[in-house]
Amino acid sequence: MGTPANNYGSLHTFKAAAAIVANRAVYLSAAGEVTATAATSDKVIGIATKTVASGEYVEVFCLNGGKHNVVTSAAVTAGDQVMPTASGAGKCSLATTGTTAFGIALSTTAADGESCEVLLRFGVNGPTVA
């Protein structure tokens with residue numbers, strides 16, 4: 001893990017504003033800095049490729065239609081739209097009504113902490129789930 005599932009995405013380096021665990025969704029928290037998502041409203045820019053401490057640099061597999069593994073906070077079924085988990089430290093979960101999805105699950109997980117392959121959507125604001 002920590003390596004993109006394929007080469008369809010793009011890697012960009014950012015400074016970690018706080019500790020980040022590999023394969024967690026991140027958002028731009030300041031210019032040039034990323035933080036693991038902690039709320040469903042966080043605007044995901046990509047997935048961290050490795051675990052880093054605050055102040056270290058991390059490559060982020062950015063949202064542009066590629067695939068990457070993301071850690072889930074609960075069961076997710078292939079085909080589900082996924083969103084950042086509220087206070088989930090960068091994990092993802094099934095997108096619910098009125099939330100913003102950042103990708104589509106391509107595999108199924110059964111529990112918290114499992115890895116799910118996700119097709120990332122273009123841009124930082126995916127569609128709002130109806």
# chains A, B, ... in the order shown; residues from 1 in each chain; ligands from 1
>>> closest_atom_pairs(of="range 15-78 of chain A", to="range 84-108 of chain A", cutoff="6 Å", atoms="only C-alpha atoms", output="CSV")
residue,atom,partner,partner_atom,distance
A:Arg24,CA,A:Gly90,CA,4.4
A:Ala25,CA,A:Gly90,CA,4.5
A:Ala36,CA,A:Gly90,CA,4.4
A:Thr37,CA,A:Gly90,CA,4.3
A:Ala38,CA,A:Ser87,CA,4.0
A:Ala39,CA,A:Ala86,CA,4.0
A:Thr40,CA,A:Pro84,CA,5.1
A:Val71,CA,A:Lys91,CA,5.2
A:Thr72,CA,A:Cys92,CA,4.7
A:Ser73,CA,A:Lys91,CA,5.6
A:Val76,CA,A:Thr108,CA,5.4
A:Thr77,CA,A:Thr108,CA,4.4
A:Ala78,CA,A:Ser107,CA,4.5
>>> residues_around(residues="Thr35 in chain A", least_positions_apart="3", cutoff="9 Å", atoms="only C-alpha atoms", output="PDB file with N, CA, C and O atoms, in the first residue's frame")
ATOM      1  N   LYS A  15       3.108  19.706   2.408  1.00  0.00           N
ATOM      2  CA  LYS A  15       3.557  19.626   3.796  1.00  0.00           C
ATOM      3  C   LYS A  15       2.361  19.193   4.646  1.00  0.00           C
ATOM      4  O   LYS A  15       1.244  19.682   4.459  1.00  0.00           O
ATOM      5  N   ALA A  16       2.592  18.275   5.575  1.00  0.00           N
ATOM      6  CA  ALA A  16       1.525  17.812   6.474  1.00  0.00           C
ATOM      7  C   ALA A  16       1.351  18.821   7.612  1.00  0.00           C
ATOM      8  O   ALA A  16       2.291  19.100   8.352  1.00  0.00           O
ATOM      9  N   ALA A  17       0.155  19.366   7.749  1.00  0.00           N
ATOM     10  CA  ALA A  17      -0.134  20.327   8.819  1.00  0.00           C
ATOM     11  C   ALA A  17      -0.293  19.612  10.164  1.00  0.00           C
ATOM     12  O   ALA A  17      -0.204  20.231  11.215  1.00  0.00           O
ATOM     13  N   ALA A  18      -0.543  18.326  10.118  1.00  0.00           N
ATOM     14  CA  ALA A  18      -0.674  17.462  11.298  1.00  0.00           C
ATOM     15  C   ALA A  18      -0.280  16.056  10.847  1.00  0.00           C
ATOM     16  O   ALA A  18      -0.104  15.819   9.656  1.00  0.00           O
ATOM     17  N   ALA A  19      -0.128  15.156  11.789  1.00  0.00           N
ATOM     18  CA  ALA A  19       0.216  13.775  11.429  1.00  0.00           C
ATOM     19  C   ALA A  19      -0.854  13.204  10.491  1.00  0.00           C
ATOM     20  O   ALA A  19      -2.047  13.457  10.679  1.00  0.00           O
ATOM     21  N   ILE A  20      -0.418  12.438   9.495  1.00  0.00           N
ATOM     22  CA  ILE A  20      -1.322  11.825   8.522  1.00  0.00           C
ATOM     23  C   ILE A  20      -0.936  10.362   8.380  1.00  0.00           C
ATOM     24  O   ILE A  20       0.243  10.025   8.303  1.00  0.00           O
ATOM     25  N   ALA A  25      -7.854  10.110   3.244  1.00  0.00           N
ATOM     26  CA  ALA A  25      -8.240  11.296   2.475  1.00  0.00           C
ATOM     27  C   ALA A  25      -7.696  12.542   3.161  1.00  0.00           C
ATOM     28  O   ALA A  25      -7.692  12.639   4.397  1.00  0.00           O
ATOM     29  N   VAL A  26      -7.228  13.497   2.352  1.00  0.00           N
ATOM     30  CA  VAL A  26      -6.700  14.750   2.886  1.00  0.00           C
ATOM     31  C   VAL A  26      -7.347  15.932   2.180  1.00  0.00           C
ATOM     32  O   VAL A  26      -7.841  15.807   1.063  1.00  0.00           O
ATOM     33  N   TYR A  27      -7.323  17.081   2.857  1.00  0.00           N
ATOM     34  CA  TYR A  27      -7.819  18.319   2.265  1.00  0.00           C
ATOM     35  C   TYR A  27      -6.757  19.388   2.428  1.00  0.00           C
ATOM     36  O   TYR A  27      -5.857  19.269   3.268  1.00  0.00           O
ATOM     37  N   LEU A  28      -6.839  20.431   1.613  1.00  0.00           N
ATOM     38  CA  LEU A  28      -5.899  21.538   1.676  1.00  0.00           C
ATOM     39  C   LEU A  28      -6.297  22.408   2.857  1.00  0.00           C
ATOM     40  O   LEU A  28      -7.339  23.064   2.838  1.00  0.00           O
ATOM     41  N   SER A  29      -5.487  22.412   3.917  1.00  0.00           N
ATOM     42  CA  SER A  29      -5.832  23.154   5.138  1.00  0.00           C
ATOM     43  C   SER A  29      -5.187  24.527   5.172  1.00  0.00           C
ATOM     44  O   SER A  29      -5.608  25.396   5.928  1.00  0.00           O
ATOM     45  N   ALA A  30      -4.170  24.746   4.382  1.00  0.00           N
ATOM     46  CA  ALA A  30      -3.503  26.043   4.218  1.00  0.00           C
ATOM     47  C   ALA A  30      -2.731  25.941   2.911  1.00  0.00           C
ATOM     48  O   ALA A  30      -2.578  24.855   2.355  1.00  0.00           O
ATOM     49  N   ALA A  38     -11.649  15.375   8.643  1.00  0.00           N
ATOM     50  CA  ALA A  38     -12.247  15.146   9.951  1.00  0.00           C
ATOM     51  C   ALA A  38     -13.723  15.493   9.964  1.00  0.00           C
ATOM     52  O   ALA A  38     -14.362  15.427  11.004  1.00  0.00           O
ATOM     53  N   ALA A  89     -10.439  10.796  10.861  1.00  0.00           N
ATOM     54  CA  ALA A  89      -8.994  10.858  10.629  1.00  0.00           C
ATOM     55  C   ALA A  89      -8.608  10.478   9.207  1.00  0.00           C
ATOM     56  O   ALA A  89      -7.683   9.730   8.978  1.00  0.00           O
ATOM     57  N   GLY A  90      -9.362  11.000   8.241  1.00  0.00           N
ATOM     58  CA  GLY A  90      -9.039  10.764   6.846  1.00  0.00           C
ATOM     59  C   GLY A  90      -9.635   9.511   6.246  1.00  0.00           C
ATOM     60  O   GLY A  90      -9.403   9.208   5.083  1.00  0.00           O
TER      61      GLY A  90
END
>>> residues_around(residues="range 57-60 of chain A", least_positions_apart="2", cutoff="8 Å", atoms="only C-alpha atoms", output="number ranges by chain")
A: 11-16, 46-52, 55, 62
>>> select_by_dssp(residues="chain A", states="strand (DSSP E)", output="PyMOL selection string")
chain A and resi 10-16+25-30+33-36+44-48+57-62+67-71+81-84+92-94+103-105+115-120
>>> residues_around(residues="Ser10 in chain A", least_positions_apart="6", cutoff="9 Å", atoms="only C-alpha atoms", output="PyMOL selection string")
chain A and resi 4+60-64+66
>>> atom_distance(atom1="CA of Ser41 in chain A", atom2="CA of Val70 in chain A")
17.6 Å
>>> residues_around(residues="Asn69 in chain A", least_positions_apart="3", cutoff="7 Å", atoms="only C-alpha atoms", output="tab-separated table (two decimals) with all heavy atoms, in the first residue's frame")
chain	number	residue	atom	x	y	z
A	5	ALA	N	-2.78	2.70	-7.22
A	5	ALA	CA	-3.26	1.45	-7.79
A	5	ALA	C	-2.95	1.37	-9.28
A	5	ALA	O	-2.87	0.30	-9.84
A	5	ALA	CB	-4.75	1.29	-7.54
A	23	ASN	N	-2.93	6.26	3.10
A	23	ASN	CA	-4.20	5.85	2.49
A	23	ASN	C	-5.41	6.50	3.14
A	23	ASN	O	-6.49	5.91	3.18
A	23	ASN	CB	-4.34	4.32	2.47
A	23	ASN	CG	-3.25	3.69	1.63
A	23	ASN	OD1	-2.92	4.21	0.57
A	23	ASN	ND2	-2.66	2.63	2.12
A	115	SER	N	-9.12	-1.59	3.80
A	115	SER	CA	-8.76	-0.80	2.63
A	115	SER	C	-9.72	-1.08	1.48
A	115	SER	O	-10.05	-2.23	1.21
A	115	SER	CB	-7.33	-1.12	2.22
A	115	SER	OG	-6.95	-0.30	1.15
A	116	CYS	N	-10.13	-0.02	0.80
A	116	CYS	CA	-11.09	-0.11	-0.30
A	116	CYS	C	-10.50	0.63	-1.50
A	116	CYS	O	-10.00	1.75	-1.36
A	116	CYS	CB	-12.39	0.56	0.13
A	116	CYS	SG	-13.66	0.64	-1.14
A	117	GLU	N	-10.55	0.00	-2.68
A	117	GLU	CA	-10.10	0.70	-3.88
A	117	GLU	C	-11.21	1.66	-4.30
A	117	GLU	O	-12.38	1.29	-4.37
A	117	GLU	CB	-9.81	-0.30	-4.99
A	117	GLU	CG	-9.18	0.35	-6.19
A	117	GLU	CD	-8.75	-0.64	-7.25
A	117	GLU	OE1	-9.49	-1.61	-7.50
A	117	GLU	OE2	-7.69	-0.44	-7.84
A	118	VAL	N	-10.83	2.93	-4.54
A	118	VAL	CA	-11.81	3.97	-4.86
A	118	VAL	C	-11.43	4.65	-6.17
A	118	VAL	O	-10.26	4.98	-6.39
A	118	VAL	CB	-11.88	5.03	-3.72
A	118	VAL	CG1	-12.78	6.20	-4.11
A	118	VAL	CG2	-12.38	4.38	-2.43
>>> atom_distance(atom1="CA of Glu33 in chain A", atom2="CA of Ile45 in chain A")
11.1 Å
